[in-house]
file my_file28.txt (compact mmCIF, C-alpha atoms and all ligand atoms)
# COMPACT_ATOMS: atom_id res chain seq x y z
CA MET A 128 0.26 -4.78 -50.20
CA ASP A 129 -2.52 -3.54 -47.94
CA MET A 130 -1.58 -4.73 -44.49
CA THR A 131 -4.41 -2.99 -42.72
CA VAL A 132 -7.40 -5.30 -43.16
CA PRO A 133 -6.09 -8.24 -45.13
CA ALA A 134 -8.68 -10.25 -47.03
CA GLY A 135 -9.32 -13.50 -45.21
CA ALA A 136 -7.41 -12.35 -42.13
CA PRO A 137 -8.50 -13.99 -38.91
CA PRO A 138 -10.56 -11.65 -36.74
CA PHE A 139 -7.82 -11.34 -34.19
CA GLU A 140 -9.15 -11.79 -30.73
CA LEU A 141 -7.26 -8.91 -29.24
CA PHE A 142 -9.12 -9.24 -25.99
CA SER A 143 -9.53 -12.98 -25.88
CA TRP A 144 -8.22 -14.72 -22.83
CA ASP A 145 -6.92 -17.60 -24.96
CA VAL A 146 -4.62 -15.11 -26.67
CA TRP A 147 -3.53 -13.20 -23.58
CA ARG A 148 -2.58 -16.27 -21.57
CA ASP A 149 0.34 -16.70 -24.02
CA PRO A 150 0.25 -13.81 -26.49
CA TYR A 151 3.64 -14.41 -28.11
CA PRO A 152 2.59 -16.69 -30.99
CA PHE A 153 -0.19 -14.18 -31.76
CA PHE A 154 2.33 -11.32 -31.65
CA ALA A 155 4.65 -13.20 -34.03
CA THR A 156 1.81 -13.60 -36.55
CA LEU A 157 0.96 -9.93 -36.20
CA ARG A 158 4.56 -8.81 -36.74
CA GLU A 159 5.13 -11.13 -39.67
CA GLN A 160 1.83 -10.80 -41.53
CA TYR A 161 -0.20 -7.85 -40.26
CA PRO A 162 2.24 -5.38 -38.68
CA ILE A 163 -0.23 -2.52 -38.98
CA TYR A 164 -3.52 -4.12 -38.28
CA ARG A 165 -6.82 -2.27 -38.32
CA HIS A 166 -8.79 -4.33 -35.85
CA PRO A 167 -12.18 -5.19 -37.37
CA ILE A 168 -14.20 -5.02 -34.14
CA THR A 169 -12.59 -2.28 -32.03
CA PRO A 170 -11.45 1.14 -33.29
CA PHE A 171 -7.76 0.25 -32.77
CA TRP A 172 -4.84 0.15 -35.15
CA ILE A 173 -2.55 -2.47 -33.68
CA ILE A 174 1.14 -1.89 -34.25
CA SER A 175 3.53 -4.73 -33.48
CA ARG A 176 6.96 -4.19 -35.07
CA TYR A 177 9.74 -2.55 -33.05
CA ASP A 178 10.60 0.13 -35.62
CA ASP A 179 6.97 1.21 -35.99
CA VAL A 180 6.32 1.35 -32.23
CA ASN A 181 9.56 3.30 -31.85
CA GLU A 182 8.45 5.74 -34.57
CA ILE A 183 5.15 6.31 -32.77
CA VAL A 184 6.49 6.93 -29.27
CA THR A 185 9.20 9.29 -30.52
CA HIS A 186 6.81 11.43 -32.62
CA PRO A 187 4.28 12.83 -30.15
CA GLU A 188 3.34 15.67 -32.50
CA VAL A 189 1.66 13.09 -34.77
CA TYR A 190 0.83 10.40 -32.21
CA SER A 191 -0.72 12.31 -29.34
CA SER A 192 -1.17 11.00 -25.80
CA ARG A 193 -4.28 13.10 -25.39
CA PHE A 194 -6.63 10.34 -26.47
CA PRO A 195 -10.24 10.33 -25.26
CA GLY A 196 -10.82 8.32 -22.10
CA ASN A 197 -7.20 8.49 -20.94
CA PHE A 198 -7.05 7.62 -17.25
CA ASP A 199 -4.68 10.57 -16.71
CA ARG A 200 -4.98 14.22 -17.76
CA THR A 201 -2.02 15.65 -15.87
CA LEU A 202 1.05 13.83 -17.18
CA ASN A 203 0.75 10.68 -19.27
CA GLY A 204 -2.36 12.01 -20.97
CA THR A 205 -0.79 15.32 -22.02
CA ASP A 206 1.42 16.55 -24.86
CA ALA A 207 3.98 19.36 -25.06
CA PRO A 208 4.06 22.08 -23.80
CA GLU A 209 2.05 21.03 -20.67
CA HIS A 210 3.79 17.67 -20.63
CA THR A 211 7.27 19.22 -20.85
CA ALA A 212 6.50 21.59 -17.98
CA ILE A 213 5.20 18.92 -15.63
CA ARG A 214 8.09 16.54 -16.48
CA ARG A 215 10.53 19.35 -15.69
CA ARG A 216 8.90 19.66 -12.27
CA LEU A 217 8.83 15.91 -11.58
CA SER A 218 12.02 14.60 -13.17
CA PRO A 219 14.46 15.74 -10.43
CA LEU A 220 12.32 13.92 -7.85
CA ALA A 221 12.69 10.65 -9.78
CA SER A 222 16.28 11.10 -10.96
CA ARG A 223 18.95 8.43 -10.57
CA GLN A 224 20.41 10.43 -7.68
CA SER A 225 17.08 10.87 -5.81
CA VAL A 226 16.28 7.20 -6.25
CA ALA A 227 19.75 6.13 -5.03
CA ALA A 228 18.96 7.90 -1.75
CA LEU A 229 16.04 5.48 -1.30
CA LYS A 230 18.09 2.31 -1.78
CA ALA A 231 18.73 1.59 1.91
CA ALA A 232 14.99 1.93 2.64
CA VAL A 233 14.15 -0.47 -0.21
CA GLU A 234 16.67 -3.00 1.12
CA ARG A 235 15.06 -2.72 4.55
CA HIS A 236 11.55 -3.32 3.15
CA VAL A 237 12.83 -6.30 1.12
CA ASP A 238 14.51 -7.84 4.17
CA ARG A 239 11.46 -7.42 6.40
CA LEU A 240 9.15 -9.07 3.91
CA ILE A 241 11.55 -11.99 3.40
CA ASP A 242 11.92 -12.32 7.22
CA ASP A 243 8.16 -12.89 7.43
CA PHE A 244 8.16 -16.02 5.26
CA ALA A 245 11.79 -17.27 5.05
CA GLY A 246 11.39 -19.72 7.97
CA SER A 247 8.26 -21.39 6.61
CA GLY A 248 9.84 -22.66 3.39
CA ARG A 249 6.94 -21.43 1.27
CA CYS A 250 4.99 -18.32 0.37
CA GLU A 251 2.42 -17.04 -2.08
CA PHE A 252 4.84 -14.72 -3.81
CA VAL A 253 2.35 -12.20 -5.20
CA SER A 254 0.44 -11.39 -2.00
CA GLU A 255 3.42 -11.79 0.32
CA PHE A 256 6.05 -9.93 -1.70
CA ALA A 257 5.29 -8.67 -5.21
CA GLN A 258 2.29 -6.60 -4.09
CA PRO A 259 3.39 -5.24 -0.68
CA LEU A 260 7.02 -4.42 -1.56
CA PRO A 261 6.42 -1.80 -4.26
CA PHE A 262 3.54 -0.32 -2.28
CA ARG A 263 5.79 0.21 0.73
CA VAL A 264 8.42 1.83 -1.47
CA MET A 265 5.99 4.00 -3.42
CA ALA A 266 4.21 5.17 -0.25
CA GLU A 267 7.53 6.09 1.33
CA TRP A 268 8.74 7.89 -1.81
CA LEU A 269 5.51 9.82 -2.24
CA GLY A 270 4.97 10.59 1.47
CA LEU A 271 1.76 8.56 1.88
CA ASP A 272 0.57 6.46 4.79
CA GLN A 273 1.20 2.70 4.51
CA SER A 274 -2.33 2.03 5.78
CA LEU A 275 -3.69 2.90 2.29
CA TYR A 276 -2.44 -0.53 1.13
CA ASP A 277 -5.60 -2.54 1.71
CA THR A 278 -7.95 -0.13 -0.01
CA CYS A 279 -5.65 0.58 -2.93
CA VAL A 280 -4.33 -2.89 -3.65
CA ALA A 281 -7.41 -4.96 -2.88
CA GLU A 282 -10.24 -2.66 -3.86
CA VAL A 283 -9.06 -0.06 -6.37
CA PHE A 284 -6.01 -1.09 -8.41
CA PRO A 285 -7.29 -4.40 -9.83
CA PHE A 286 -10.12 -2.54 -11.51
CA LEU A 287 -8.49 0.68 -12.71
CA MET A 288 -7.89 0.54 -16.45
CA ALA A 289 -9.18 -3.02 -16.46
CA GLU A 290 -10.47 -3.34 -19.94
CA PRO A 291 -13.15 -6.02 -19.76
CA LEU A 292 -12.22 -8.82 -22.10
CA LEU A 293 -14.57 -9.25 -24.99
CA ASP A 294 -14.93 -12.96 -24.43
CA GLY A 295 -16.84 -12.11 -21.28
CA GLN A 296 -14.36 -13.72 -18.94
CA GLY A 297 -12.50 -10.57 -17.98
CA GLU A 298 -12.46 -8.54 -14.83
CA PRO A 299 -15.96 -7.78 -13.60
CA LEU A 300 -17.39 -4.54 -14.90
CA VAL A 301 -17.12 -1.82 -12.30
CA ASP A 302 -18.17 1.79 -12.06
CA GLN A 303 -14.75 3.18 -13.01
CA GLU A 304 -15.76 6.75 -12.37
CA ALA A 305 -16.95 6.05 -8.82
CA LEU A 306 -13.85 4.00 -8.13
CA GLU A 307 -11.53 6.73 -9.36
CA HIS A 308 -13.44 9.32 -7.36
CA ARG A 309 -13.01 7.28 -4.20
CA TYR A 310 -9.30 6.77 -4.87
CA VAL A 311 -8.66 10.48 -5.48
CA ALA A 312 -10.70 11.41 -2.37
CA LEU A 313 -8.50 9.09 -0.33
CA LEU A 314 -5.35 10.73 -1.70
CA ASN A 315 -6.80 14.21 -1.16
CA GLY A 316 -7.45 13.30 2.48
CA GLU A 317 -3.77 12.40 2.87
CA ILE A 318 -2.54 15.54 1.11
CA SER A 319 -4.80 17.83 3.17
CA ALA A 320 -3.33 16.33 6.33
CA PHE A 321 0.34 16.90 5.38
CA ASP A 322 0.65 19.95 7.69
CA GLU A 323 -0.62 17.84 10.58
CA THR A 324 1.26 14.61 9.80
CA GLY A 325 4.48 16.38 8.82
CA ARG A 326 5.16 13.75 6.13
CA SER A 327 8.04 14.22 3.72
CA GLY A 328 8.34 12.93 0.18
CA VAL A 329 7.48 13.76 -3.41
CA LEU A 330 3.89 14.92 -2.81
CA PRO A 331 4.67 17.35 0.04
CA ASP A 332 7.59 18.64 -2.10
CA LEU A 333 5.27 19.37 -5.02
CA LEU A 334 3.20 21.67 -2.79
CA LYS A 335 6.30 23.85 -2.29
CA PRO A 336 8.16 26.01 -4.81
CA ALA A 337 11.25 24.45 -6.43
CA GLY A 338 13.83 26.87 -7.88
CA ASP A 339 12.04 29.04 -10.44
CA MET A 340 8.98 26.73 -10.40
CA PRO A 341 5.96 27.68 -8.27
CA PRO A 342 4.17 25.23 -5.96
CA LEU A 343 1.53 23.01 -7.56
CA ASP A 344 -2.05 23.32 -6.32
CA GLN A 345 -3.58 20.51 -4.27
CA GLU A 346 -5.89 19.28 -7.02
CA THR A 347 -2.96 18.84 -9.43
CA VAL A 348 -0.93 17.08 -6.74
CA ALA A 349 -3.84 14.71 -6.04
CA GLN A 350 -4.13 13.91 -9.76
CA LEU A 351 -0.40 13.27 -9.94
CA ALA A 352 -0.58 11.07 -6.84
CA LYS A 353 -3.33 9.10 -8.57
CA ILE A 354 -1.12 8.18 -11.52
CA LEU A 355 2.22 7.93 -9.69
CA LEU A 356 1.01 5.49 -7.04
CA PHE A 357 -0.96 3.35 -9.47
CA ALA A 358 1.63 3.41 -12.28
CA GLY A 359 4.47 2.65 -9.91
CA HIS A 360 2.74 -0.06 -7.92
CA LYS A 361 0.88 -2.07 -10.54
CA THR A 362 3.79 -2.28 -12.98
CA SER A 363 6.44 -3.07 -10.37
CA ALA A 364 4.25 -5.77 -8.79
CA CYS A 365 3.83 -7.33 -12.25
CA ALA A 366 7.58 -7.04 -12.94
CA LEU A 367 8.52 -8.77 -9.67
CA ALA A 368 6.17 -11.70 -10.25
CA ASN A 369 7.15 -11.99 -13.93
CA SER A 370 10.84 -12.00 -12.98
CA ILE A 371 10.46 -14.84 -10.48
CA TRP A 372 8.29 -16.73 -12.99
CA LEU A 373 11.05 -16.36 -15.60
CA LEU A 374 13.70 -17.55 -13.15
CA LEU A 375 11.62 -20.58 -12.15
CA GLY A 376 11.46 -21.53 -15.83
CA ASN A 377 15.15 -20.83 -16.45
CA PRO A 378 17.16 -22.48 -13.65
CA ASP A 379 20.41 -21.99 -15.60
CA ILE A 380 19.86 -18.22 -15.50
CA LEU A 381 19.02 -18.37 -11.79
CA ASP A 382 22.28 -20.29 -11.22
CA ALA A 383 24.20 -17.70 -13.22
CA LEU A 384 22.77 -14.92 -11.01
CA ARG A 385 23.62 -16.86 -7.86
CA GLN A 386 27.20 -17.26 -9.10
CA ASP A 387 27.47 -13.57 -9.95
CA ILE A 388 24.88 -11.38 -8.29
CA SER A 389 26.15 -8.32 -10.22
CA LEU A 390 24.33 -9.78 -13.26
CA VAL A 391 20.93 -9.05 -11.69
CA PRO A 392 20.46 -5.64 -13.44
CA SER A 393 21.10 -7.31 -16.85
CA PHE A 394 18.47 -9.92 -16.03
CA VAL A 395 16.04 -7.17 -14.96
CA GLU A 396 16.35 -5.54 -18.40
CA GLU A 397 15.63 -8.88 -20.06
CA SER A 398 12.65 -9.42 -17.78
CA PHE A 399 11.23 -5.97 -18.66
CA ARG A 400 11.75 -6.78 -22.34
CA LEU A 401 10.50 -10.37 -22.47
CA GLU A 402 7.58 -10.17 -20.04
CA SER A 403 6.76 -6.47 -20.30
CA PRO A 404 4.37 -5.49 -17.49
CA VAL A 405 2.93 -2.77 -19.76
CA GLN A 406 1.89 -4.64 -22.88
CA SER A 407 0.36 -1.89 -24.94
CA LEU A 408 0.25 1.89 -25.12
CA PHE A 409 -2.42 4.25 -26.43
CA ARG A 410 -2.06 7.16 -28.84
CA ILE A 411 -4.31 9.12 -31.23
CA THR A 412 -3.16 10.56 -34.55
CA THR A 413 -3.35 14.35 -34.83
CA ALA A 414 -3.23 14.38 -38.65
CA GLU A 415 -3.17 12.01 -41.58
CA THR A 416 0.13 10.19 -41.41
CA GLU A 417 2.11 7.38 -42.94
CA LEU A 418 3.51 4.44 -41.05
CA ALA A 419 5.61 1.81 -42.81
CA GLY A 420 4.28 3.20 -46.08
CA LEU A 421 0.61 2.98 -45.08
CA ALA A 422 -1.74 5.93 -44.75
CA ILE A 423 -3.42 6.31 -41.38
CA PRO A 424 -6.27 8.83 -41.10
CA PRO A 425 -6.36 11.63 -38.50
CA PHE A 426 -7.96 10.81 -35.12
CA SER A 427 -7.16 7.12 -35.41
CA PHE A 428 -6.77 5.17 -32.17
CA ILE A 429 -3.31 3.63 -32.17
CA ARG A 430 -2.28 0.74 -30.00
CA PRO A 431 1.52 0.27 -30.04
CA MET A 432 2.10 -3.25 -28.71
CA VAL A 433 5.17 -3.04 -26.50
CA GLY A 434 4.98 -6.76 -25.70
CA ALA A 435 5.15 -7.61 -29.41
CA ALA A 436 7.81 -5.04 -30.35
CA ASN A 437 10.10 -6.24 -27.56
CA ARG A 438 10.29 -9.69 -29.15
CA ASP A 439 10.86 -8.46 -32.70
CA LYS A 440 13.58 -10.64 -34.26
CA GLU A 441 14.54 -7.82 -36.61
CA ARG A 442 15.63 -5.82 -33.61
CA PHE A 443 16.71 -8.37 -30.96
CA GLN A 444 18.90 -11.39 -31.66
CA ASP A 445 17.41 -14.54 -30.07
CA ALA A 446 14.46 -12.34 -29.23
CA ASP A 447 12.60 -14.99 -27.21
CA GLU A 448 15.65 -15.87 -25.10
CA ILE A 449 17.09 -14.36 -21.93
CA ARG A 450 20.56 -13.09 -22.84
CA LEU A 451 22.46 -11.64 -19.89
CA ASP A 452 25.07 -10.31 -22.33
CA ARG A 453 22.56 -8.70 -24.69
CA LYS A 454 24.07 -5.83 -26.66
CA GLU A 455 20.92 -4.29 -28.15
CA LYS A 456 19.66 -1.46 -25.96
CA ASN A 457 16.40 0.47 -25.83
CA HIS A 458 13.82 -2.21 -25.29
CA LEU A 459 10.40 -0.61 -25.00
CA GLY A 460 9.40 -2.12 -21.64
CA LEU A 461 9.69 1.29 -19.98
CA GLY A 462 8.54 3.19 -23.07
CA LEU A 463 10.74 5.61 -25.02
CA GLY A 464 10.56 9.23 -26.15
CA PRO A 465 9.10 12.06 -24.06
CA HIS A 466 6.75 9.74 -22.12
CA LEU A 467 9.59 7.35 -21.18
CA CYS A 468 8.69 5.93 -17.78
CA LEU A 469 9.18 8.65 -15.18
CA GLY A 470 9.89 5.95 -12.63
CA ALA A 471 12.47 4.08 -14.76
CA HIS A 472 15.29 4.44 -12.19
CA LEU A 473 12.94 3.54 -9.36
CA ALA A 474 11.52 0.54 -11.23
CA ARG A 475 15.00 -0.82 -11.98
CA MET A 476 16.07 -0.30 -8.38
CA ILE A 477 12.94 -1.90 -6.86
CA VAL A 478 13.27 -5.02 -8.99
CA SER A 479 17.08 -5.32 -8.77
CA VAL A 480 17.21 -4.86 -4.99
CA SER A 481 14.33 -7.30 -4.54
CA LEU A 482 15.85 -10.02 -6.72
CA THR A 483 19.24 -9.55 -5.08
CA GLY A 484 17.65 -10.03 -1.64
CA LEU A 485 15.51 -12.99 -2.71
CA ILE A 486 18.33 -14.82 -4.51
CA SER A 487 20.79 -14.19 -1.69
CA ARG A 488 18.46 -15.40 1.05
CA LEU A 489 16.41 -18.19 -0.56
CA GLN A 490 17.75 -21.32 -2.24
CA ASP A 491 16.19 -24.08 -4.31
CA LEU A 492 13.29 -21.94 -5.57
CA GLN A 493 10.46 -24.12 -6.89
CA THR A 494 6.76 -23.97 -7.62
CA ASP A 495 4.20 -26.78 -7.61
CA THR A 496 2.12 -24.96 -10.21
CA PRO A 497 3.06 -25.75 -13.82
CA LEU A 498 4.48 -22.46 -15.10
CA ASP A 499 2.13 -22.28 -18.09
CA GLN A 500 -0.84 -22.63 -15.75
CA VAL A 501 -0.16 -19.87 -13.23
CA GLU A 502 -3.13 -17.61 -12.71
CA ARG A 503 -2.52 -14.44 -14.71
CA ILE A 504 -4.03 -10.98 -14.50
CA ARG A 505 -6.77 -10.85 -17.13
CA SER A 506 -5.83 -7.68 -18.93
CA PRO A 507 -4.54 -6.84 -22.37
CA ASN A 508 -2.79 -3.77 -20.89
CA PHE A 509 -0.78 -5.40 -18.15
CA ARG A 510 1.09 -8.68 -18.06
CA GLY A 511 1.25 -9.98 -14.52
CA ILE A 512 0.44 -12.88 -12.27
CA LYS A 513 -2.36 -13.16 -9.73
CA GLN A 514 -0.94 -16.02 -7.66
CA LEU A 515 2.46 -17.69 -7.61
CA PRO A 516 2.99 -20.15 -4.75
CA ILE A 517 6.68 -20.93 -4.30
CA THR A 518 8.80 -23.13 -2.04
CA PHE A 519 12.44 -22.67 -1.06
CA GLY A 520 15.04 -23.28 1.61
CA ALA A 521 16.43 -20.36 3.58
CA ILE A 522 20.18 -19.78 3.25
C1 LIG A 601 8.74 -2.31 -13.89
C2 LIG A 601 8.00 -1.29 -13.58
C3 LIG A 601 7.52 -0.30 -14.60
C4 LIG A 601 7.21 -0.48 -15.92
C5 LIG A 601 7.30 -1.74 -16.73
C6 LIG A 601 6.75 0.80 -16.42
C7 LIG A 601 6.40 1.04 -17.74
C8 LIG A 601 6.08 2.28 -18.25
C9 LIG A 601 5.84 2.56 -19.65
C10 LIG A 601 5.89 1.54 -20.77
C11 LIG A 601 5.55 3.88 -19.75
C12 LIG A 601 5.30 4.65 -21.05
C13 LIG A 601 3.84 5.07 -21.21
C14 LIG A 601 3.57 5.77 -22.52
O1 LIG A 601 4.46 5.92 -23.37
O2 LIG A 601 2.41 6.19 -22.70
C15 LIG A 601 5.58 4.43 -18.43
C16 LIG A 601 5.29 5.71 -18.10
C17 LIG A 601 5.20 6.16 -16.81
N1 LIG A 601 5.62 5.49 -15.66
FE1 LIG A 601 6.31 3.64 -15.54
N2 LIG A 601 6.77 1.70 -15.41
C18 LIG A 601 7.24 1.07 -14.28
C19 LIG A 601 7.45 1.61 -13.04
C20 LIG A 601 7.12 2.88 -12.70
C21 LIG A 601 7.33 3.47 -11.40
C22 LIG A 601 8.02 2.80 -10.20
C23 LIG A 601 6.80 4.70 -11.46
C24 LIG A 601 6.80 5.68 -10.33
C25 LIG A 601 7.18 6.87 -10.39
C26 LIG A 601 6.27 4.92 -12.80
C27 LIG A 601 5.66 6.05 -13.26
C28 LIG A 601 5.37 6.30 -14.59
C29 LIG A 601 4.78 7.53 -15.04
C30 LIG A 601 4.35 8.68 -14.16
C31 LIG A 601 4.67 7.44 -16.43
C32 LIG A 601 4.13 8.49 -17.39
C33 LIG A 601 5.27 9.33 -17.88
C34 LIG A 601 4.86 10.35 -18.90
O3 LIG A 601 3.83 10.19 -19.55
O4 LIG A 601 5.60 11.32 -19.07
N3 LIG A 601 6.49 3.79 -13.53
N4 LIG A 601 5.94 3.43 -17.53
call {"tool": "encode", "arguments": {"input": "my_file28.txt", "output": "C-alpha cells", "more": "lines below"}}
Ligand code: HEM
result
Amino acid sequence: MDMTVPAGAPPFELFSWDVWRDPYPFFATLREQYPIYRHPITPFWIISRYDDVNEIVTHPEVYSSRFPGNFDRTLNGTDAPEHTAIRRRLSPLASRQSVAALKAAVERHVDRLIDDFAGSGRCEFVSEFAQPLPFRVMAEWLGLDQSLYDTCVAEVFPFLMAEPLLDGQGEPLVDQEALEHRYVALLNGEISAFDETGRSGVLPDLLKPAGDMPPLDQETVAQLAKILLFAGHKTSACALANSIWLLLGNPDILDALRQDISLVPSFVEESFRLESPVQSLFRITTAETELAGLAIPPFSFIRPMVGAANRDKERFQDADEIRLDRKEKNHLGLGLGPHLCLGAHLARMIVSVSLTGLISRLQDLQTDTPLDQVERIRSPNFRGIKQLPITFGAI
C-alpha cells in the first residue's frame, strides 16, 4: 500500500486554523490512514506514528537537523560532531544538579507573581503568570537583565518561527530577518556589558574556560542566548497555560493533586504528552531511506509530528486520557535522541514548582471562557494559549 499520496486523500490542511484549534481528530486520521504523508502543497513529509517519529529523532545520521532555514545554526540546527561538542559544553549548566540549585529562586518568583493577583480573585493567567514566570527564571539562569521582558515577549517572540497559516488567518507576516537581527543585537548588548554589570549565570560562564574546554567567543554565546531564551520561554509559557487549561477541564485530576501534591510531576509529564507545546519538529534526509517500509528520497523535508505521536494508541494506553499512574515512559514532548530538550530538567522544574504554588495557594479555579473557545496561539509549531482569564479564591 502506498501511504504517501493516497488516491482520493483529502488535501490535508496542515496549516489551517480549523485543524490547529483542535488537531487531535486530524492526527488520529493521519496515524490511522496516512502515517507517512507526503503533503501535496508543501514540501513536507508528515510523520504521525510514535514508532516512526522515534526512529527519526534517534537516527540523526539519516534525519539531519541541518535543514535549510533552521532558526538556529549553533545547537538545534547542527549535527554531530559540532552538536556533540556544544552539548558537552552546555549540558553541565542544565543538569539536574544545576537546575536544583535554582529551585528556591523559582519558588520565590512563583510566590511573587501569585501575591500580585491572589487578593483580586481573578487574573488573566497568560499575561500575569504563564509569560512572566518563565522569563524571570530564564533571565536569572542565563544572567540577563529582567528589563528585556517587554521587548522579547511583546515584540519579538510571538513572531519568531511563526509560520504564517496558509488560510491567511495566521500571524501577520513580519520581516523575520530584521526581527532576529534586533533580538541578537539586544542580547549582544547585554553580553558586552557583563564585565560592567558583573552578572553571573550560564552566558557569563560560557565566556570562560570550563575544564579542558576553552571559552566560547561572544558571537557564539549571543547565538546560543538567542535559542536558549526563546526555546526556554516560549515552550514553558505554553506548557504552563496548557497545564492550567487541562486542570480546568479535569476537576477530578485537580482534586487528586490537591489531595496529594506529590503527584504534580506525574501530571506535568501527562501535560507535556497530551498538550505538547512543541507540536512538530523539522529534519532533512541525508540519503535515500526507508521508513515503515516506504522509500523516502534524499533531501526530503521531514516533519515528525510530536503532538500526534504522543497520542498514539499503539504506544500509550488510554492515549487521550490523563493517567497519573501511567507506566509508559518516553513521551516525545521534550524530544528524544541527541537533540532531547537541553532544558528538560528546567522545564519540569518550572512547571512543577509553578503548579505546586498555584494549587496550594488558589482554590476553586474556574474560567468563564468555554474551554474549547480559549484564544490559542495560531501556529502549527507551538500549542499554547493567548489568553486564559481565570477566577479563584485565595487559600
Ligand atoms: C515545557 C517546556 C519545554 C518543551 C515542551 C520543550 C520541548 C523541546 C523539544 C521537543 C525539543 C527537541 C527539538 C528537536 O528534536 O529538534 C527541545 C529542544 C531544546 N530545548 Fe526544549 N522544551 C522546553 C523547555 C526548554 C527550556 C526551559 C529550555 C532552556 C534551556 C529549552 C531549551 C532547548 C534547547 C536548547 C533545545 C535544543 C537541543 C538540541 O538541539 O540539542 N527547552 N525542546
call {"tool": "closest_residue", "arguments": {"input": "my_file28.txt", "among": "A:Gly470, A:Arg400, A:Thr211, A:Phe357", "to": "Phe443 (chain A)", "atoms": "only C-alpha atoms"}}
result
A:Arg400
call {"tool": "atom_distance", "arguments": {"input": "my_file28.txt", "atom1": "CA of Val395 (chain A)", "atom2": "CA of Glu251 (chain A)"}}
result
21.2 Å
call {"tool": "residues_around", "arguments": {"input": "my_file28.txt", "residues": "region 258-260 of chain A", "least_positions_apart": "5", "cutoff": "7 Å", "atoms": "all atoms listed in the file", "output": "list in words"}}
result
His236, Val237, Val253 and Ala364 of chain A
call {"tool": "residues_near_ligand", "arguments": {"input": "my_file28.txt", "ligand": "ligand LIG 601 (chain A)", "cutoff": "7 Å", "atoms": "all atoms listed in the file", "output": "PyMOL selection string"}}
result
chain A and resi 184+192+202-204+210+214+221+354-356+358-360+362-363+366+399+403-405+408-409+459-463+465-471+473-475
call {"tool": "write_last_selection", "arguments": {"input": "my_file28.txt", "atoms": "C-alpha atoms", "output": "short mmCIF file (atom, residue, chain, number, x, y, z; two decimals), keeping the file's coordinate frame"}}
result
data_model
loop_
_atom_site.label_atom_id
_atom_site.label_comp_id
_atom_site.auth_asym_id
_atom_site.auth_seq_id
_atom_site.Cartn_x
_atom_site.Cartn_y
_atom_site.Cartn_z
CA VAL A 184 6.49 6.93 -29.27
CA SER A 192 -1.17 11.00 -25.80
CA LEU A 202 1.05 13.83 -17.18
CA ASN A 203 0.75 10.68 -19.27
CA GLY A 204 -2.36 12.01 -20.97
CA HIS A 210 3.79 17.67 -20.63
CA ARG A 214 8.09 16.54 -16.48
CA ALA A 221 12.69 10.65 -9.78
CA ILE A 354 -1.12 8.18 -11.52
CA LEU A 355 2.22 7.93 -9.69
CA LEU A 356 1.01 5.49 -7.04
CA ALA A 358 1.63 3.41 -12.28
CA GLY A 359 4.47 2.65 -9.91
CA HIS A 360 2.74 -0.06 -7.92
CA THR A 362 3.79 -2.28 -12.98
CA SER A 363 6.44 -3.07 -10.37
CA ALA A 366 7.58 -7.04 -12.94
CA PHE A 399 11.23 -5.97 -18.66
CA SER A 403 6.76 -6.47 -20.30
CA PRO A 404 4.37 -5.49 -17.49
CA VAL A 405 2.93 -2.77 -19.76
CA LEU A 408 0.25 1.89 -25.12
CA PHE A 409 -2.42 4.25 -26.43
CA LEU A 459 10.40 -0.61 -25.00
CA GLY A 460 9.40 -2.12 -21.64
CA LEU A 461 9.69 1.29 -19.98
CA GLY A 462 8.54 3.19 -23.07
CA LEU A 463 10.74 5.61 -25.02
CA PRO A 465 9.10 12.06 -24.06
CA HIS A 466 6.75 9.74 -22.12
CA LEU A 467 9.59 7.35 -21.18
CA CYS A 468 8.69 5.93 -17.78
CA LEU A 469 9.18 8.65 -15.18
CA GLY A 470 9.89 5.95 -12.63
CA ALA A 471 12.47 4.08 -14.76
CA LEU A 473 12.94 3.54 -9.36
CA ALA A 474 11.52 0.54 -11.23
CA ARG A 475 15.00 -0.82 -11.98
#
call {"tool": "closest_residue", "arguments": {"input": "my_file28.txt", "among": "A:Tyr276, A:Gln500, A:Gly270, A:Arg488", "to": "Ser327 (chain A)", "atoms": "all atoms listed in the file"}}
result
A:Gly270
call {"tool": "residues_around", "arguments": {"input": "my_file28.txt", "residues": "Gln386 (chain A)", "least_positions_apart": "5", "cutoff": "12 Å", "atoms": "only C-alpha atoms", "output": "ChimeraX atom specification"}}
result
/A:379-381,391,483,486-487
call {"tool": "atom_distance", "arguments": {"input": "my_file28.txt", "atom1": "CA of Phe252 (chain A)", "atom2": "CA of Leu374 (chain A)"}}
result
13.2 Å
call {"tool": "closest_residue", "arguments": {"input": "my_file28.txt", "among": "A:Glu396, A:Asp387, A:Val329, A:Ala368", "to": "Leu515 (chain A)", "atoms": "only C-alpha atoms"}}
result
A:Ala368
call {"tool": "atom_distance", "arguments": {"input": "my_file28.txt", "atom1": "CA of Leu220 (chain A)", "atom2": "CA of Pro195 (chain A)"}}
result
28.7 Å
call {"tool": "closest_residue", "arguments": {"input": "my_file28.txt", "among": "A:Met432, A:Asn181, A:Ser479, A:Gly316", "to": "Ile371 (chain A)", "atoms": "only C-alpha atoms"}}
result
A:Ser479
call {"tool": "residues_around", "arguments": {"input": "my_file28.txt", "residues": "Pro336 (chain A)", "least_positions_apart": "6", "cutoff": "10 Å", "atoms": "all atoms listed in the file", "output": "PyMOL selection string"}}
result
chain A and resi 216+342-343
call {"tool": "write_last_selection", "arguments": {"input": "my_file28.txt", "atoms": "C-alpha atoms", "output": "compact mmCIF listing (two decimals), keeping the file's coordinate frame"}}
result
# COMPACT_ATOMS: atom_id res chain seq x y z
CA ARG A 216 8.90 19.66 -12.27
CA PRO A 342 4.17 25.23 -5.96
CA LEU A 343 1.53 23.01 -7.56
call {"tool": "residues_around", "arguments": {"input": "my_file28.txt", "residues": "Pro425 (chain A)", "least_positions_apart": "3", "cutoff": "6 Å", "atoms": "all atoms listed in the file", "output": "PyMOL selection string"}}
result
chain A and resi 412-415
call {"tool": "closest_residue", "arguments": {"input": "my_file28.txt", "among": "A:Gly248, A:Pro162, A:Pro219, A:Gly420", "to": "Pro516 (chain A)", "atoms": "only C-alpha atoms"}}
result
A:Gly248
call {"tool": "residues_around", "arguments": {"input": "my_file28.txt", "residues": "Gln303 (chain A)", "least_positions_apart": "3", "cutoff": "7 Å", "atoms": "only C-alpha atoms", "output": "PyMOL selection string"}}
result
chain A and resi 287+306-307
call {"tool": "residues_near_point", "arguments": {"input": "my_file28.txt", "point": "(16.7, -7.9, 1.7)", "cutoff": "7 Å", "atoms": "all atoms listed in the file", "output": "NGL selection string"}}
result
:A and (234-235 or 237-238 or 241 or 481 or 484-485)
